[in-house]
>>> print(open('target_22.cif').read())   # mmCIF, C-alpha atoms and all ligand atoms
data_final
#
loop_
_atom_site.label_atom_id
_atom_site.label_comp_id
_atom_site.auth_asym_id
_atom_site.auth_seq_id
_atom_site.Cartn_x
_atom_site.Cartn_y
_atom_site.Cartn_z
CA MET G 1 217.45 58.73 -155.23
CA THR G 2 214.97 56.51 -157.04
CA VAL G 3 213.99 53.18 -155.52
CA GLN G 4 212.44 50.71 -157.92
CA LEU G 5 210.61 47.43 -157.48
CA ASN G 6 210.28 45.57 -160.75
CA GLY G 7 207.90 42.61 -160.81
CA VAL G 8 208.95 41.70 -157.27
CA THR G 9 207.68 38.52 -155.70
CA LYS G 10 208.89 37.43 -152.29
CA LYS G 11 208.05 34.06 -150.86
CA TYR G 12 208.97 32.73 -147.43
CA GLY G 13 208.72 28.97 -147.91
CA ASN G 14 205.39 28.49 -149.65
CA GLU G 15 203.90 31.70 -148.38
CA PHE G 16 203.77 34.83 -150.51
CA ALA G 17 204.75 38.05 -148.74
CA LEU G 18 204.68 40.09 -151.99
CA LYS G 19 203.18 39.14 -155.31
CA ASN G 20 204.53 40.66 -158.51
CA VAL G 21 204.84 44.23 -157.24
CA SER G 22 206.17 47.01 -159.47
CA PHE G 23 206.56 50.51 -158.08
CA THR G 24 208.91 53.50 -158.35
CA PHE G 25 209.63 55.66 -155.32
CA THR G 26 211.00 59.00 -156.50
CA LYS G 27 213.45 61.40 -154.87
CA GLY G 28 212.22 64.08 -152.50
CA LYS G 29 208.95 62.48 -151.48
CA ILE G 30 207.58 60.92 -148.31
CA TYR G 31 205.70 57.71 -148.97
CA GLY G 32 203.38 55.86 -146.63
CA LEU G 33 203.12 52.11 -147.01
CA LEU G 34 199.82 51.54 -145.28
CA GLY G 35 198.07 48.34 -144.41
CA PRO G 36 197.23 45.80 -141.76
CA ASN G 37 199.75 43.34 -140.28
CA GLY G 38 201.08 40.76 -142.63
CA GLY G 39 200.35 42.70 -145.83
CA GLY G 40 203.95 42.96 -147.00
CA LYS G 41 205.10 46.35 -145.71
CA SER G 42 208.11 45.17 -143.70
CA THR G 43 209.09 42.81 -146.48
CA THR G 44 209.20 45.76 -148.88
CA LEU G 45 211.57 47.63 -146.57
CA LYS G 46 213.76 44.58 -145.99
CA LEU G 47 214.07 44.11 -149.75
CA ILE G 48 215.18 47.73 -150.16
CA THR G 49 217.88 47.34 -147.49
CA GLY G 50 219.11 44.04 -148.88
CA LEU G 51 218.19 42.10 -145.75
CA VAL G 52 216.14 39.75 -147.90
CA TYR G 53 216.24 39.13 -151.64
CA PRO G 54 213.35 38.81 -154.08
CA THR G 55 212.22 35.36 -155.15
CA ASN G 56 211.49 36.93 -158.54
CA GLY G 57 212.01 40.38 -160.00
CA THR G 58 214.52 43.07 -159.08
CA VAL G 59 214.94 45.82 -156.53
CA THR G 60 217.18 48.76 -157.41
CA VAL G 61 218.31 51.92 -155.64
CA SER G 62 219.52 54.54 -158.06
CA ASP G 63 219.64 51.86 -160.80
CA GLU G 64 221.95 49.72 -158.69
CA LYS G 65 220.70 46.25 -157.82
CA VAL G 66 220.31 46.01 -154.05
CA THR G 67 222.80 43.97 -152.04
CA ARG G 68 223.84 44.28 -148.39
CA LYS G 69 226.22 47.07 -149.43
CA ILE G 70 223.26 49.35 -150.05
CA SER G 71 223.28 50.23 -146.33
CA ASP G 72 225.63 53.13 -147.18
CA LYS G 73 222.73 54.73 -149.03
CA VAL G 74 219.79 53.49 -147.01
CA ALA G 75 219.08 54.38 -143.37
CA TYR G 76 216.68 51.90 -141.83
CA LEU G 77 214.67 52.03 -138.62
CA THR G 78 213.53 48.50 -137.81
CA GLU G 79 210.70 47.38 -135.62
CA LEU G 80 213.28 45.85 -133.31
CA ASP G 81 215.96 47.88 -131.66
CA MET G 82 219.48 46.67 -131.78
CA PHE G 83 221.01 48.76 -129.04
CA TYR G 84 223.82 47.79 -126.76
CA ASP G 85 222.16 48.07 -123.37
CA SER G 86 225.40 48.77 -121.54
CA PHE G 87 226.14 51.81 -123.75
CA THR G 88 225.12 55.33 -122.89
CA ILE G 89 223.16 57.33 -125.45
CA LYS G 90 226.30 59.27 -126.30
CA GLN G 91 228.28 56.05 -126.86
CA MET G 92 225.54 54.76 -129.12
CA VAL G 93 225.61 58.00 -131.12
CA ASP G 94 229.41 57.77 -131.43
CA PHE G 95 229.09 54.16 -132.54
CA TYR G 96 226.67 55.10 -135.32
CA HIS G 97 228.98 57.94 -136.30
CA SER G 98 231.84 55.46 -136.65
CA GLN G 99 229.69 53.11 -138.76
CA PHE G 100 228.11 55.51 -141.23
CA PRO G 101 230.11 58.23 -143.01
CA ASP G 102 226.88 60.16 -143.68
CA PHE G 103 225.99 60.30 -139.96
CA SER G 104 225.81 63.94 -138.84
CA LEU G 105 226.90 64.42 -135.24
CA GLU G 106 225.54 67.93 -135.36
CA LYS G 107 222.08 66.72 -136.40
CA ALA G 108 222.22 63.97 -133.78
CA HIS G 109 223.05 66.39 -130.96
CA GLN G 110 220.31 68.75 -132.03
CA LEU G 111 217.83 65.90 -132.25
CA LEU G 112 218.80 64.59 -128.80
CA GLN G 113 218.13 68.04 -127.41
CA ASP G 114 214.78 68.34 -129.16
CA MET G 115 213.74 64.93 -127.92
CA GLN G 116 215.03 65.66 -124.41
CA LEU G 117 217.36 62.70 -124.34
CA GLU G 118 220.38 62.94 -122.05
CA GLY G 119 223.64 61.74 -123.52
CA ASN G 120 224.97 60.21 -120.32
CA LYS G 121 221.93 57.99 -119.72
CA LYS G 122 222.45 54.25 -120.05
CA ILE G 123 220.34 52.64 -122.80
CA ARG G 124 219.28 49.96 -120.30
CA LYS G 125 217.55 52.62 -118.21
CA LEU G 126 215.52 54.20 -121.00
CA SER G 127 211.74 53.98 -121.08
CA LYS G 128 210.12 52.44 -124.15
CA GLY G 129 209.19 55.91 -125.41
CA ASN G 130 212.76 57.14 -125.10
CA ARG G 131 214.12 54.04 -126.84
CA GLY G 132 211.70 54.83 -129.67
CA ARG G 133 212.93 58.41 -129.78
CA LEU G 134 216.56 57.29 -129.78
CA LYS G 135 215.95 54.88 -132.66
CA LEU G 136 214.57 57.76 -134.67
CA VAL G 137 217.46 60.07 -133.75
CA LEU G 138 219.99 57.49 -134.93
CA THR G 139 218.16 56.92 -138.20
CA ILE G 140 217.42 60.47 -139.24
CA ALA G 141 220.79 61.87 -138.16
CA ARG G 142 222.10 60.15 -141.27
CA ASN G 143 222.13 62.22 -144.43
CA ALA G 144 221.28 59.08 -146.36
CA PRO G 145 219.49 59.49 -149.68
CA VAL G 146 216.92 56.87 -148.69
CA ILE G 147 215.30 56.66 -145.26
CA LEU G 148 213.09 53.71 -144.32
CA LEU G 149 211.02 53.72 -141.15
CA ASP G 150 209.23 50.57 -140.09
CA GLU G 151 206.40 51.34 -137.63
CA PRO G 152 208.14 54.34 -136.05
CA PHE G 153 205.18 54.91 -133.70
CA SER G 154 204.72 51.39 -132.50
CA GLY G 155 203.93 51.27 -128.77
CA LEU G 156 204.57 54.98 -128.22
CA ASP G 157 202.22 57.47 -126.60
CA ALA G 158 200.71 60.56 -128.26
CA LEU G 159 203.38 62.94 -126.94
CA VAL G 160 206.22 60.85 -128.27
CA ARG G 161 204.39 60.43 -131.59
CA ASP G 162 204.06 64.19 -131.91
CA SER G 163 207.72 64.76 -131.19
CA ILE G 164 208.61 62.17 -133.81
CA VAL G 165 206.43 63.78 -136.48
CA LYS G 166 207.91 67.21 -135.66
CA SER G 167 211.47 66.03 -135.86
CA LEU G 168 210.83 64.29 -139.17
CA LEU G 169 209.42 67.52 -140.56
CA THR G 170 212.41 69.48 -139.24
CA TYR G 171 215.30 67.23 -140.12
CA ILE G 172 214.38 65.52 -143.35
CA ASN G 173 215.87 67.23 -146.36
CA PHE G 174 212.84 67.25 -148.60
CA GLU G 175 214.83 68.10 -151.71
CA GLU G 176 217.26 65.24 -151.41
CA GLN G 177 215.88 62.39 -149.34
CA THR G 178 213.35 59.74 -150.25
CA VAL G 179 211.47 58.58 -147.19
CA ILE G 180 209.32 55.46 -146.95
CA ILE G 181 207.31 54.90 -143.78
CA ALA G 182 205.53 51.60 -143.13
CA THR G 183 202.70 51.78 -140.64
CA HIS G 184 199.22 50.62 -139.83
CA GLU G 185 198.60 53.77 -137.78
CA ILE G 186 197.28 55.99 -140.52
CA ASP G 187 195.94 58.99 -138.62
CA GLU G 188 199.23 59.96 -137.00
CA ILE G 189 201.20 59.80 -140.16
CA GLU G 190 198.80 61.51 -142.54
CA PRO G 191 200.17 65.07 -142.11
CA LEU G 192 203.63 63.92 -143.14
CA LEU G 193 202.90 62.05 -146.31
CA ASP G 194 203.05 63.04 -149.98
CA GLU G 195 202.08 59.69 -151.45
CA VAL G 196 200.24 56.72 -150.00
CA ILE G 197 200.20 53.10 -151.03
CA ALA G 198 197.67 50.56 -149.77
CA VAL G 199 199.54 47.30 -149.15
CA TYR G 200 197.29 44.32 -148.69
CA GLN G 201 197.77 40.57 -148.94
CA GLY G 202 201.05 40.97 -150.78
CA HIS G 203 199.73 43.48 -153.33
CA TYR G 204 200.07 47.23 -153.76
CA ILE G 205 196.35 47.56 -154.37
CA ASP G 206 196.29 51.33 -154.98
CA HIS G 207 198.44 54.42 -154.63
CA GLN G 208 197.49 58.07 -154.44
CA ASN G 209 198.90 61.54 -154.03
CA VAL G 210 197.69 62.83 -150.65
CA GLU G 211 197.05 66.38 -151.83
CA SER G 212 194.90 65.30 -154.73
CA LEU G 213 193.03 62.87 -152.50
CA ARG G 214 192.10 65.77 -150.27
CA GLU G 215 191.56 68.46 -152.87
CA GLU G 216 190.06 66.56 -155.76
CA GLN G 217 188.29 63.74 -154.01
CA GLY G 218 187.69 65.33 -150.59
CA LEU G 219 188.97 62.21 -148.85
CA SER G 220 191.23 61.74 -145.86
CA VAL G 221 193.88 59.06 -146.20
CA LEU G 222 191.97 56.85 -143.80
CA GLN G 223 188.73 57.19 -145.80
CA TRP G 224 190.52 56.38 -149.03
CA PHE G 225 192.27 53.44 -147.42
CA LYS G 226 189.05 51.88 -146.09
CA MET G 227 187.32 52.29 -149.45
CA THR G 228 190.25 50.78 -151.29
CA ILE G 229 190.30 47.68 -149.10
CA GLN G 230 186.51 47.28 -149.39
CA ASN G 231 186.63 47.54 -153.18
CA TRP G 232 189.43 45.05 -153.35
CA GLU G 233 187.57 42.58 -151.15
CA SER G 234 184.33 42.94 -153.12
CA GLU G 235 186.08 42.50 -156.46
CA LYS G 236 187.67 39.30 -155.24
CA TYR G 237 184.33 37.53 -154.94
N1 LIG Y 1 210.94 35.54 -141.94
C1 LIG Y 1 209.73 35.12 -142.33
N2 LIG Y 1 209.46 33.81 -142.45
C2 LIG Y 1 208.24 33.37 -142.86
N3 LIG Y 1 207.22 34.19 -143.18
C3 LIG Y 1 207.42 35.51 -143.08
C4 LIG Y 1 208.69 36.05 -142.66
N4 LIG Y 1 208.58 37.40 -142.66
C5 LIG Y 1 207.33 37.68 -143.08
N5 LIG Y 1 206.64 36.56 -143.33
C6 LIG Y 1 205.24 36.49 -143.86
O1 LIG Y 1 205.13 37.34 -144.98
C7 LIG Y 1 203.91 38.06 -144.97
C8 LIG Y 1 204.18 39.56 -145.03
O2 LIG Y 1 204.84 39.99 -143.86
P1 LIG Y 1 205.36 41.46 -143.59
O3 LIG Y 1 206.10 41.44 -142.29
O4 LIG Y 1 206.05 41.99 -144.77
O5 LIG Y 1 203.99 42.25 -143.41
P2 LIG Y 1 203.73 43.66 -142.78
O6 LIG Y 1 202.70 44.31 -143.64
O7 LIG Y 1 204.98 44.42 -142.58
O8 LIG Y 1 203.15 43.31 -141.37
P3 LIG Y 1 203.69 43.70 -139.93
O9 LIG Y 1 203.11 45.04 -139.67
O10 LIG Y 1 203.10 42.62 -139.08
O11 LIG Y 1 205.18 43.64 -139.96
C9 LIG Y 1 203.17 37.62 -143.71
O12 LIG Y 1 202.24 36.64 -144.07
C10 LIG Y 1 204.26 37.04 -142.83
O13 LIG Y 1 203.74 36.02 -142.02
#
>>> encode(input="target_22.cif", output="structure tokens", more="lines below")
Ligand SMILES: Nc1ncnc2c1ncn2[C@@H]1O[C@H](COP(=O)(O)OP(=O)(O)OP(=O)(O)O)[C@@H](O)[C@H]1O
Amino acid sequence: MTVQLNGVTKKYGNEFALKNVSFTFTKGKIYGLLGPNGGGKSTTLKLITGLVYPTNGTVTVSDEKVTRKISDKVAYLTELDMFYDSFTIKQMVDFYHSQFPDFSLEKAHQLLQDMQLEGNKKIRKLSKGNRGRLKLVLTIARNAPVILLDEPFSGLDALVRDSIVKSLLTYINFEEQTVIIATHEIDEIEPLLDEVIAVYQGHYIDHQNVESLREEQGLSVLQWFKMTIQNWESEKY
């Protein structure tokens, strides 16, 4: 499903979070929105889920203007978790299943097994790493056409990060799902990504295909990213 930003500006009060951004995310690709804190990555994802609305411009998913109702098509992993602490993992999975018709119980059970999460454990008793894993399970168990992940690695150790990357590679349907991952941790995410966008000070300052970066320019994503930011800064003055 295509996600489109058309001349999107988002202001919070007088402050610009995004400035006149136009971009098309196409079906079947994994995009990385990369950039330091405050650049506008989370705002992009919130606009695509209809949690906030543009000050100017339009956001569409499959040509439909985004409203709150878009959550049937968009699965969203936020930086915060919104779990019910008194639930067990299994109850949380059942709750998601009741909320989203595209939620696959089969995928969820498989994912729980892969991530070594026990269904009868209370959410309250989970470590931070296991909460992070559970957030991911609940998001990618949905067969939603659009999957948005905001900082999926935040605060998690290397082992958990690896298990997250593996499960994304296993459970995402690359033909059908459009995935957008916002992160400032570029190294971890590089092996997953098809396309990268440098998001900085409210602008999409450059975007590249990861394979051609490597093969044609001999650059890692991190090298490209650093160069892009430097060029942008030097052109500003
Ligand atoms: N609810 C809000 N109210 C006021 N300002 C906000 C709000 N949300 C974001 N901003 C501002 O908008 C700008 C972009 O924020 P955004 O969260 O999109 O950046 P980000 O790249 O995702 O960074 P982070 O990794 O810290 O989430 C920042 O300057 C931020 O302070």
>>> residues_near_ligand(input="target_22.cif", ligand="ligand LIG 1 (chain Y)", cutoff="6 Å", atoms="all atoms listed in the file", output="MDAnalysis selection string")
chainID G and resid 12 17 36:43
>>> axis_aligned_box(input="target_22.cif", around="range 147-159 of chain G", padding_each_side="5 Å", output="lines of an AutoDock Vina configuration file")
center_x = 208.0
center_y = 56.8
center_z = -135.9
size_x = 24.6
size_y = 22.4
size_z = 28.7
>>> closest_residue(input="target_22.cif", among="G:Leu159, G:Thr67, G:Pro145, G:Leu192", to="Glu175 in chain G", atoms="all atoms listed in the file")
G:Pro145
>>> residues_near_point(input="target_22.cif", point="(196.8, 59.9, -139.5)", cutoff="12 Å", atoms="all atoms listed in the file", output="NGL selection string")
:G and (32 or 34 or 153 or 158 or 161-162 or 165 or 183-193 or 196 or 210 or 220-225)
>>> atom_distance(input="target_22.cif", atom1="CA of Gln201 in chain G", atom2="CA of Val179 in chain G")
22.7 Å
>>> atom_distance(input="target_22.cif", atom1="CA of Gln177 in chain G", atom2="CA of Lys29 in chain G")
7.3 Å
>>> closest_residue(input="target_22.cif", among="G:Leu213, G:Val52, G:Leu219, G:Ile164", to="Asp114 in chain G", atoms="all atoms listed in the file")
G:Ile164
>>> residues_near_point(input="target_22.cif", point="(221.8, 55.8, -124.6)", cutoff="9 Å", atoms="only C-alpha atoms", output="VMD selection string")
chain G and resid 83 to 93 117 to 126 131 134
>>> closest_residue(input="target_22.cif", among="G:Ala108, G:Val8, G:Leu169, G:Leu33", to="Ile205 in chain G", atoms="all atoms listed in the file")
G:Leu33
>>> closest_residue(input="target_22.cif", among="G:Val160, G:Leu77, G:Val21, G:Met1", to="Thr139 in chain G", atoms="only C-alpha atoms")
G:Leu77
>>> residues_around(input="target_22.cif", residues="Ile172 in chain G", least_positions_apart="2", cutoff="10 Å", atoms="all atoms listed in the file", output="MDAnalysis selection string")
chainID G and resid 28 30 140:144 147 167:170 174:179
>>> closest_residue(input="target_22.cif", among="G:Lys135, G:Phe103, G:Gly35, G:Asn14", to="Val199 in chain G", atoms="all atoms listed in the file")
G:Gly35
>>> closest_residue(input="target_22.cif", among="G:Glu151, G:Gln116, G:Pro54, G:Thr24", to="Thr78 in chain G", atoms="all atoms listed in the file")
G:Glu151
